[in-house]
Amino acid sequence: MQLVAAMEKGRLFFDGGMGSMLQECGLPEGLLPDVWNIENPTTVRDIHVAYLKAGANLVTTNTFGATEEKLAPYGYSVDDIMKAGIRCAMDAIQEVGKEAFVMADLGPTGKLLKPYGDLEFEDAVSRFVPRAQSAQKYGAHGVLIETMSDLYEMKSAIIAVKEHCDLPIFATLIFDEHGKLLTGGDAKSAIAMLEGLGVTALGVNCGLGPVGLQPVIEELFTYSSLPLICQPNAGLPRTQEGNTVYDLPPEEFADQMEKMADKLSVMGGCCGTTPAYIQAMVKRCENIPVKPVKKKDDLFVSSYCMAVELGKKPTVIGERLNPTGKKKLKQALKDHDIAYVLKEALQQVEAGADILDVNVGMPELDEVSLLSECVQEIQSVVTLPLQIDSSDAKAMERALRYYNGKALINSVNGKEESLNTILPLVQKYGGGLICLTLDDEGIPDTVEGRVKIARKIISRAKEYGIDKREIIVDPLTLPVSAGERNALVTLGAVKAIKEELGVKTVLGVSNVSFGLPRRELMNTAFFTLALQAGLDCAIINPGSEEMMGAYRAFCALYGFDANSEQYIAQFKDTSKQEVVKTENVSSLAFAIEKGLLDEALLLAKQKIDSGEDVLKIINEEMIPALDRVGRAFEEGQLFLPQLLMSAEATKTSFEVLKEAMPSQEGQSAGRVLLATVKGDIHDIGKNIVKVLLESYRFEVLDLGKDVAPETIVETVKREDITLIGLSALMTTTAPYMKETITQLKHEGVACRVFVGGAVITQEYANQIDADFYAKDAMEGVHFAQKHFAAQ
Amino acid sequence: MKLNRNEVARYLGYGKKPVEAHIDAMITECETAMRNLRPLYIARKTSKDDFGIYGSKAVQRHLADCPFVWVVVVTLGSEADRLLRVFSASNMAKGTVMHACMSVLLEQYFMQYLEELENPQKEEYLISPYSPGYGDFSLSWQSVFLEFVDAGRRIGVYLTEAGMLVPEKTITAIVGICEKKQRDRKRRQTICDGHCGSCSEGDCTFRKE
């Protein structure tokens with residue numbers, strides 16, 4: 001019988017711990033256990049036999065750590081170990097003579113993925129591929145991806161397995177006593193991602209004993225539409241005479257497992273468990289029927305750490321990260337100014353968005369790489385789920401692949417091309433799917449017409465295995481100025497889609513008022529009407545007080561906001577915010593010296609409005625103020641945070657002044673390239689230098705961190721850079737500074753390099769032929785000033 | 001854990017000078033943001049000879065009276081790293097202040113953990129911790145420490161390709177265990193309560209006098 005069929009027929013039992021069993025049989029400390037598949041297969045097979053006799057019918061191969069990197073010291077390939085490991089398991093099954101299944105075991109890589117660590121997602125995927133391929137090749141019945149403490153690494157493993165074999169996947173994560181994963185995920189976000197990726201069964205292993213895991217099993221059971229797996233440790237570890245022992249004996253382990261048994265389709269044991277544990281557990285639980293797994297109706301989208309449910313209460317999707325009509329964002333994307341993108345994202349989070357839309361589609365940019373880059377950067381600071389917004393299928397695919405969670409996908413529509421390119425992506429990566437009610441014939445102007453397209457998309461999605469619950473229909477908002485019935489059709493369609501089709505709805509609301517005055521009045525009215533008609537998700541600007549006002553008011557009025565708590569929290573005291581603090585601030589210079597951001601901005605604006613000459617403001621007030629601050633810093637009278645606040649105040653004021661300047665020419669004091677060298681992932685020093693340089697009106701081309709020498713050289717040549725600042729934090733990465741300088745000289749590029757960082761000294765700077773050693777950020781600024789003055 | 005704000009000021013370069021009001025407000029903001037951080041710890045006791053430190057005179061000297069040691073790893077976790085990114089995205093002053101606050105908070109948790117590891121009933125006192133990178137104690141010992149306590153699996157602490165600890169706010173150390181009189185003697189030998197006294201970096205800006 002096949003594994004999946006067997007699971008549907010009745011509960012399956014895993015084996016228990018392997019590592020400690022091998023140690024008892026003499027495995028030397030420090031030796032990778034997987035190696036014994038080849039060097040001591042009899043022992044491995046005997047352990048499998050013991051577990052099978054104890055009642056297990058799932059055999060986990062001894063291949064938990066079988067990656068190329070870990071096997072390198074032993075001279076075996078992954079394939080060798082997998083072949084031997086699967087062989088041991090199969091031999092054991094044959095020896096015992098019962099029906100059982102071989103599960104190829106895939107443990108974590110032992111490295112953290114970006115953004116927490118430095119392992120690239122694709123690199124992580126490739127580390128799981130060899131095991132996946134061998135599992136299929138040598139006849140394993142399924143794959144167990146276990147002991148994953150990070151959802152992103154789990155995703156990379158699942159992708160590797162799905163792309164290289166077609167075996168069913170069991171996926172188990174390691175949760176802590178608070179029901180959280182190491183990198184912050186919880187049960188709901190785990191379920192959202194794993195169900196989206198199409199695993200066969202999901203659950204928990206290791207970390208805690210059966211008692212500790214009961215709450216997370218409860219939660220998983222409540223939300224999961226897939227069968228559950230649970231493999232706890234034999235209780236909690238404690239040290240006894242220098243050794244680790246687990247505190248739960250077999251009978252008590254079985255007692256605790258019995259309590260959860262009705263929720264578990266697959267049961268087993270992890271660290272500290274032995275055949276005695278499995279035997280006790282099987283005996284106690286084998287006759288307890290498994291509660292049927294109910295397919296849930298709710299739609300969750302998730303980030304790396306949290307899940308947001310759509311459809312129970314209206315949700316706000318922040319629309320600000322979309323270049324259409326946004327000059328500053330367009331410029332930032334062209335300049336690859338990721339910091340600006342992150343600021344916009346964080347502001348929307350602060351304003352109360354539940355999900356953020358991310359769209360970087362601009363004809364002159366490489367959307368495929370930019371979209372996935374922005375998605376990865378945003379998800380490294382923002383905890384909210386993201387909505388990936390693109391009309392380019394390739395860009396959508398790449399972003400979906402690297403998205404850490406289950407995304408909202410914006411969008412598919414009724415056109416054949418769209419259906420054929422987007423639906424397979426959703427099938428592979430999972431996601432909540434926004435469906436636009438337009439097709440090759442255009443946008444229908446009746447409610448029925450739009451509902452018809454929605455129906456078509458839903459049934460086509462079903463062919464790809466995409467369930468109705470994942471569908472969110474956007475019946476499209478057209479401007480009422482272009483057709484007086486436009487709003488009525490949209491509202492009617494929202495209602496009909498909810499009632500007749502039973503799926504969720506979404507709208508980009510602000511389009512309704514296009515071409516009309518006082519747009520916010522119409523937008524808020526339409527928004528409220530749409531919410532009443534059943535709108536589940538709204539793509540709006542969360543920074544708009546009017547729109548958030550309409551949203552919060554609706555929620556409070558419709559019982560979605562107990563005690564109007566959120567409404568009150570958002571709107572009390574807003575009148576007080578208008579109080580201008582400039583009463584105490586005498587001048588722009590003063591604001592800069594004290595590092596008062598808001599005041600500096602306000603004063604700068606006031607000065608422009610009153611017609612003062614921009615260059616005069618910059619050269620006679622701002623720069624001298626900043627100079628005074630810099631000097632005070634160098635004299636030890638003022639310290640780094642204050643210096644940085646002054647720099648930020650100057651920088652932000654510049655942005656305002658820049659817009660008032662007649663031309664873009666003559667604004668920059670010079671272009672400087674900054675980078676933290678290869679291998680170095682810490683960039684605070686570089687960022688401090690950047691802020692200071694920008695406050696002195698230098699244009700900074702920031703290549704970021706972990707930048708290869710070749711990339712620096714290439715950029716310098718292409719962009720005609722004459723001044724480069726390099727930073728390195730550690731002795732192990734400082735040599736890359738030398739390498740970069742060597743390459744620059746070799747290429748004959750006319751430029752100068754200044755260096756800095758925790759381990760850099762004047763001596764080292766001399767050794768590597770750097771032009772200048774900047775002890776601190778101010779020295780870097782002075783050097784830049786001298787450099788460009790001399791040019 | 002209440003944040004030691006004086007230490008934060010020292011890390012930011014203020015020495016004993018007062019912190020400006022709005023920077024002080026930033027420290028408060030950071031403290032509030034950090035309140036949900038839960039540190040993760042792991043420690044393993046072993047005999048110094050079994051662990052086998054070599055190649056560093058400084059460590060040998062430091063651990064001379066300690067036949068047993070604890071190998072300790074403490075981290076603020078990956079959520080701390082994310083908060084750091086959020087604060088740095090906002091503005092660099094905030095980022096700098098948050099860095100200092102986290103380093104201080106981490107140190108406080110670390111020292112508190114060491115206190116818990118002491119066992120006066122068994123005459124087990126801890127001398128000041130010593131980390132890879134101090135004196136002539138090579139950074140390459142970092143990976144040995146992490147493996148010894150299985151830091152990756154147990155608390156999610158790893159090394160990058162270039163040998164950097166992740167999550168960023170992490171401390172690894174070897175801490176000697178000895179009797180009370182030896183511990184007290186060691187304390188009197190050093191200039192302050194332990195750290196700077198046993199470090200040979202004379203011109204470190206943060207050296208405590």
# chains A, B, ... in the order shown; residues from 1 in each chain; ligands from 1
$ residues_around --residues "Gly414 in chain A" --least-positions-apart "6" --cutoff "8 Å" --atoms "only C-alpha atoms" --output "list in words"
Cys435, Leu436, Thr437, Leu438, Asp439, Asp440, Ile453, Ala454, Lys456 and Ile457 of chain A
$ interface_residues --of "chain A" --to "chain B" --cutoff "8 Å" --atoms "only C-alpha atoms" --output "compact mmCIF listing (two decimals) with all heavy atoms, in the first residue's frame"
# COMPACT_ATOMS: atom_id res chain seq x y z
N GLY A 110 22.19 23.46 9.30
CA GLY A 110 23.11 23.90 10.33
C GLY A 110 23.56 25.34 10.09
O GLY A 110 24.49 25.82 10.72
N LYS A 111 22.90 26.02 9.19
CA LYS A 111 23.22 27.42 8.94
C LYS A 111 21.91 28.22 8.95
O LYS A 111 20.86 27.71 8.67
CB LYS A 111 23.86 27.56 7.55
CG LYS A 111 25.23 26.95 7.51
CD LYS A 111 25.94 27.39 6.26
CE LYS A 111 27.43 27.21 6.28
NZ LYS A 111 28.12 27.27 7.53
N LEU A 112 22.03 29.49 9.28
CA LEU A 112 20.86 30.35 9.28
C LEU A 112 20.73 31.06 7.95
O LEU A 112 21.71 31.59 7.42
CB LEU A 112 20.98 31.42 10.38
CG LEU A 112 20.45 31.07 11.77
CD1 LEU A 112 20.60 32.27 12.68
CD2 LEU A 112 19.00 30.66 11.71
N TYR A 116 18.60 36.52 8.86
CA TYR A 116 19.19 36.32 10.19
C TYR A 116 20.65 35.93 10.08
O TYR A 116 21.48 36.33 10.87
CB TYR A 116 18.45 35.24 10.98
CG TYR A 116 17.03 35.03 10.54
CD1 TYR A 116 16.67 33.95 9.75
CD2 TYR A 116 16.03 35.93 10.90
CE1 TYR A 116 15.37 33.75 9.34
CE2 TYR A 116 14.73 35.74 10.49
CZ TYR A 116 14.41 34.65 9.71
OH TYR A 116 13.12 34.46 9.30
N GLY A 117 20.96 35.09 9.13
CA GLY A 117 22.34 34.64 8.91
C GLY A 117 22.77 35.07 7.53
O GLY A 117 22.25 36.05 7.00
N ASP A 118 23.69 34.30 6.94
CA ASP A 118 24.17 34.73 5.63
C ASP A 118 23.92 33.73 4.52
O ASP A 118 24.42 33.90 3.42
CB ASP A 118 25.68 35.06 5.71
CG ASP A 118 26.50 33.82 6.08
OD1 ASP A 118 25.92 32.84 6.60
OD2 ASP A 118 27.72 33.84 5.85
N LEU A 119 23.14 32.69 4.79
CA LEU A 119 22.91 31.70 3.74
C LEU A 119 21.81 32.18 2.81
O LEU A 119 20.70 32.50 3.23
CB LEU A 119 22.51 30.36 4.39
CG LEU A 119 22.38 29.14 3.47
CD1 LEU A 119 23.72 28.84 2.80
CD2 LEU A 119 21.90 27.94 4.25
N SER A 149 13.79 24.82 12.76
CA SER A 149 13.43 25.87 13.70
C SER A 149 13.12 27.17 12.98
O SER A 149 12.87 28.19 13.61
CB SER A 149 14.58 26.09 14.69
OG SER A 149 15.77 26.34 13.98
N LEU A 182 12.09 29.31 16.54
CA LEU A 182 13.26 30.11 16.89
C LEU A 182 13.25 31.47 16.21
O LEU A 182 13.57 32.49 16.81
CB LEU A 182 14.51 29.36 16.47
CG LEU A 182 15.79 29.98 16.95
CD1 LEU A 182 16.02 29.62 18.40
CD2 LEU A 182 16.96 29.51 16.12
N THR A 183 12.89 31.49 14.92
CA THR A 183 12.90 32.75 14.21
C THR A 183 11.56 33.46 14.27
O THR A 183 11.29 34.37 13.51
CB THR A 183 13.32 32.54 12.74
OG1 THR A 183 12.65 31.39 12.24
CG2 THR A 183 14.81 32.33 12.63
N GLY A 184 10.72 33.05 15.19
CA GLY A 184 9.52 33.83 15.50
C GLY A 184 8.20 33.29 15.01
O GLY A 184 7.15 33.81 15.37
N GLY A 242 27.27 14.93 34.26
CA GLY A 242 27.84 15.37 33.00
C GLY A 242 27.13 14.85 31.77
O GLY A 242 27.43 15.25 30.65
N ALA A 339 16.71 51.90 1.46
CA ALA A 339 16.39 52.52 2.76
C ALA A 339 15.08 53.30 2.68
O ALA A 339 14.26 53.28 3.61
CB ALA A 339 17.53 53.44 3.18
N LEU A 342 12.18 50.88 2.72
CA LEU A 342 11.94 50.35 4.06
C LEU A 342 11.24 51.37 4.94
O LEU A 342 10.35 51.03 5.72
CB LEU A 342 13.26 49.90 4.71
CG LEU A 342 13.94 48.71 4.07
CD1 LEU A 342 15.19 48.31 4.84
CD2 LEU A 342 13.01 47.52 3.98
N LYS A 343 11.65 52.62 4.82
CA LYS A 343 11.01 53.68 5.61
C LYS A 343 9.53 53.75 5.29
O LYS A 343 8.68 53.82 6.18
CB LYS A 343 11.64 55.04 5.30
CG LYS A 343 12.75 55.44 6.22
CD LYS A 343 12.93 56.96 6.21
CE LYS A 343 13.88 57.44 7.26
NZ LYS A 343 15.21 57.80 6.77
N LEU A 346 7.74 50.78 6.83
CA LEU A 346 7.58 50.90 8.28
C LEU A 346 6.54 51.95 8.64
O LEU A 346 5.80 51.79 9.61
CB LEU A 346 8.92 51.20 8.94
CG LEU A 346 9.90 50.01 8.94
CD1 LEU A 346 11.30 50.45 9.32
CD2 LEU A 346 9.42 48.92 9.87
N SER A 380 12.64 41.51 6.02
CA SER A 380 13.64 41.42 7.08
C SER A 380 13.41 42.45 8.17
O SER A 380 14.04 42.41 9.22
CB SER A 380 15.04 41.60 6.49
OG SER A 380 15.29 42.96 6.20
N VAL A 381 12.52 43.41 7.92
CA VAL A 381 12.20 44.38 8.98
C VAL A 381 10.74 44.38 9.39
O VAL A 381 10.39 44.74 10.49
CB VAL A 381 12.61 45.83 8.61
CG1 VAL A 381 14.09 46.02 8.68
CG2 VAL A 381 12.09 46.24 7.28
N VAL A 382 9.87 43.98 8.47
CA VAL A 382 8.44 44.07 8.73
C VAL A 382 7.89 42.71 9.12
O VAL A 382 8.24 41.70 8.53
CB VAL A 382 7.76 44.59 7.44
CG1 VAL A 382 6.27 44.39 7.48
CG2 VAL A 382 8.09 46.05 7.23
N PHE A 639 28.34 64.02 21.49
CA PHE A 639 28.63 62.63 21.21
C PHE A 639 27.86 62.09 20.00
O PHE A 639 27.03 62.78 19.42
CB PHE A 639 28.39 61.81 22.47
CG PHE A 639 29.20 62.35 23.62
CD1 PHE A 639 28.66 63.24 24.53
CD2 PHE A 639 30.55 62.02 23.73
CE1 PHE A 639 29.42 63.77 25.55
CE2 PHE A 639 31.32 62.55 24.75
CZ PHE A 639 30.76 63.43 25.67
N LEU A 640 28.19 60.87 19.67
CA LEU A 640 27.74 60.31 18.40
C LEU A 640 26.23 60.40 18.15
O LEU A 640 25.82 60.84 17.08
CB LEU A 640 28.22 58.86 18.26
CG LEU A 640 27.98 58.21 16.90
CD1 LEU A 640 28.67 58.99 15.79
CD2 LEU A 640 28.49 56.78 16.91
N PRO A 641 25.39 60.01 19.10
CA PRO A 641 23.96 60.07 18.80
C PRO A 641 23.52 61.49 18.43
O PRO A 641 22.72 61.67 17.50
CB PRO A 641 23.29 59.62 20.10
CG PRO A 641 24.31 58.81 20.79
CD PRO A 641 25.62 59.43 20.45
N GLN A 642 24.04 62.47 19.14
CA GLN A 642 23.67 63.86 18.86
C GLN A 642 24.16 64.25 17.46
O GLN A 642 23.45 64.91 16.69
CB GLN A 642 24.29 64.78 19.92
CG GLN A 642 23.99 66.25 19.71
CD GLN A 642 22.51 66.52 19.75
OE1 GLN A 642 21.85 66.24 20.73
NE2 GLN A 642 21.99 67.04 18.65
N LEU A 643 25.38 63.86 17.15
CA LEU A 643 25.95 64.15 15.83
C LEU A 643 25.05 63.59 14.75
O LEU A 643 24.74 64.24 13.74
CB LEU A 643 27.35 63.53 15.72
CG LEU A 643 28.04 63.63 14.36
CD1 LEU A 643 28.36 65.07 14.02
CD2 LEU A 643 29.30 62.79 14.34
N LEU A 644 24.60 62.37 14.97
CA LEU A 644 23.76 61.72 13.97
C LEU A 644 22.40 62.39 13.88
O LEU A 644 21.84 62.52 12.78
CB LEU A 644 23.59 60.25 14.31
CG LEU A 644 24.87 59.43 14.15
CD1 LEU A 644 24.67 58.02 14.66
CD2 LEU A 644 25.32 59.41 12.71
N MET A 645 21.85 62.84 15.00
CA MET A 645 20.56 63.52 14.95
C MET A 645 20.70 64.82 14.15
O MET A 645 19.83 65.17 13.35
CB MET A 645 20.05 63.85 16.35
CG MET A 645 19.50 62.66 17.11
SD MET A 645 18.18 61.81 16.21
CE MET A 645 16.87 63.00 16.31
N GLU A 648 20.87 63.88 10.56
CA GLU A 648 19.55 63.50 10.04
C GLU A 648 18.69 64.74 9.83
O GLU A 648 17.95 64.84 8.84
CB GLU A 648 18.84 62.56 11.01
CG GLU A 648 19.47 61.19 11.15
CD GLU A 648 19.03 60.21 10.06
OE1 GLU A 648 18.17 60.55 9.22
OE2 GLU A 648 19.54 59.09 10.06
N GLY A 679 31.84 39.33 3.02
CA GLY A 679 31.89 38.50 4.22
C GLY A 679 31.41 39.25 5.45
O GLY A 679 31.06 38.65 6.47
N ASP A 680 31.36 40.57 5.35
CA ASP A 680 30.98 41.37 6.50
C ASP A 680 29.51 41.75 6.40
O ASP A 680 29.10 42.34 5.41
CB ASP A 680 31.84 42.64 6.54
CG ASP A 680 32.29 42.95 7.93
OD1 ASP A 680 31.41 43.14 8.79
OD2 ASP A 680 33.50 42.98 8.16
N ILE A 684 26.66 49.17 10.42
CA ILE A 684 26.28 50.38 11.13
C ILE A 684 27.32 51.48 10.94
O ILE A 684 26.96 52.64 10.74
CB ILE A 684 26.00 50.11 12.62
CG1 ILE A 684 25.54 51.40 13.29
CG2 ILE A 684 27.20 49.54 13.33
CD1 ILE A 684 25.02 51.21 14.68
N ASN A 687 26.85 53.02 7.61
CA ASN A 687 25.62 53.80 7.55
C ASN A 687 25.76 55.14 8.26
O ASN A 687 25.17 56.13 7.86
CB ASN A 687 24.46 53.01 8.14
CG ASN A 687 24.09 51.83 7.25
OD1 ASN A 687 24.49 51.77 6.09
ND2 ASN A 687 23.34 50.89 7.78
N ILE A 688 26.57 55.13 9.32
CA ILE A 688 26.81 56.40 10.01
C ILE A 688 27.58 57.34 9.09
O ILE A 688 27.25 58.52 8.97
CB ILE A 688 27.59 56.16 11.33
CG1 ILE A 688 26.66 55.48 12.36
CG2 ILE A 688 28.15 57.44 11.88
CD1 ILE A 688 27.36 55.04 13.62
N VAL A 691 25.20 58.77 6.45
CA VAL A 691 24.31 59.85 6.90
C VAL A 691 25.08 61.17 6.98
O VAL A 691 24.60 62.21 6.55
CB VAL A 691 23.70 59.49 8.27
CG1 VAL A 691 23.21 60.72 8.99
CG2 VAL A 691 22.58 58.50 8.10
N THR A 732 38.95 38.90 9.88
CA THR A 732 38.83 37.91 8.80
C THR A 732 38.35 38.54 7.50
O THR A 732 38.53 37.97 6.43
CB THR A 732 37.83 36.80 9.17
OG1 THR A 732 36.67 37.43 9.73
CG2 THR A 732 38.43 35.85 10.19
N THR A 733 37.69 39.69 7.58
CA THR A 733 37.17 40.29 6.35
C THR A 733 37.99 41.46 5.86
O THR A 733 37.87 41.88 4.71
CB THR A 733 35.71 40.75 6.53
OG1 THR A 733 35.66 41.64 7.65
CG2 THR A 733 34.80 39.57 6.78
$ residues_around --residues "Trp70 in chain B" --least-positions-apart "4" --cutoff "10 Å" --atoms "only C-alpha atoms" --output "PyMOL selection string"
chain B and resi 42-48+114+117+126+129+173-177
$ select_by_dssp --residues "range 126-192 of chain B" --states "strand (DSSP E or B)" --output "PyMOL selection string"
chain B and resi 126+130+158-159+165-166+170-178
$ residues_around --residues "Pro479 in chain A" --least-positions-apart "3" --cutoff "6 Å" --atoms "only C-alpha atoms" --output "PyMOL selection string"
chain A and resi 482+511-514
$ select_by_dssp --residues "range 197-262 of chain A" --states "helix (DSSP H, G or I)" --output "list in words"
Pro210, Val211, Gly212, Leu213, Gln214, Pro215, Val216, Ile217, Glu218, Glu219, Leu220, Phe221, Thr222, Tyr223, Pro250, Glu251, Glu252, Phe253, Ala254, Asp255, Gln256, Met257, Glu258, Lys259, Met260, Ala261 and Asp262 of chain A
$ atom_distance --atom1 "CA of Gly85 in chain A" --atom2 "CA of Gly198 in chain A"
26.2 Å
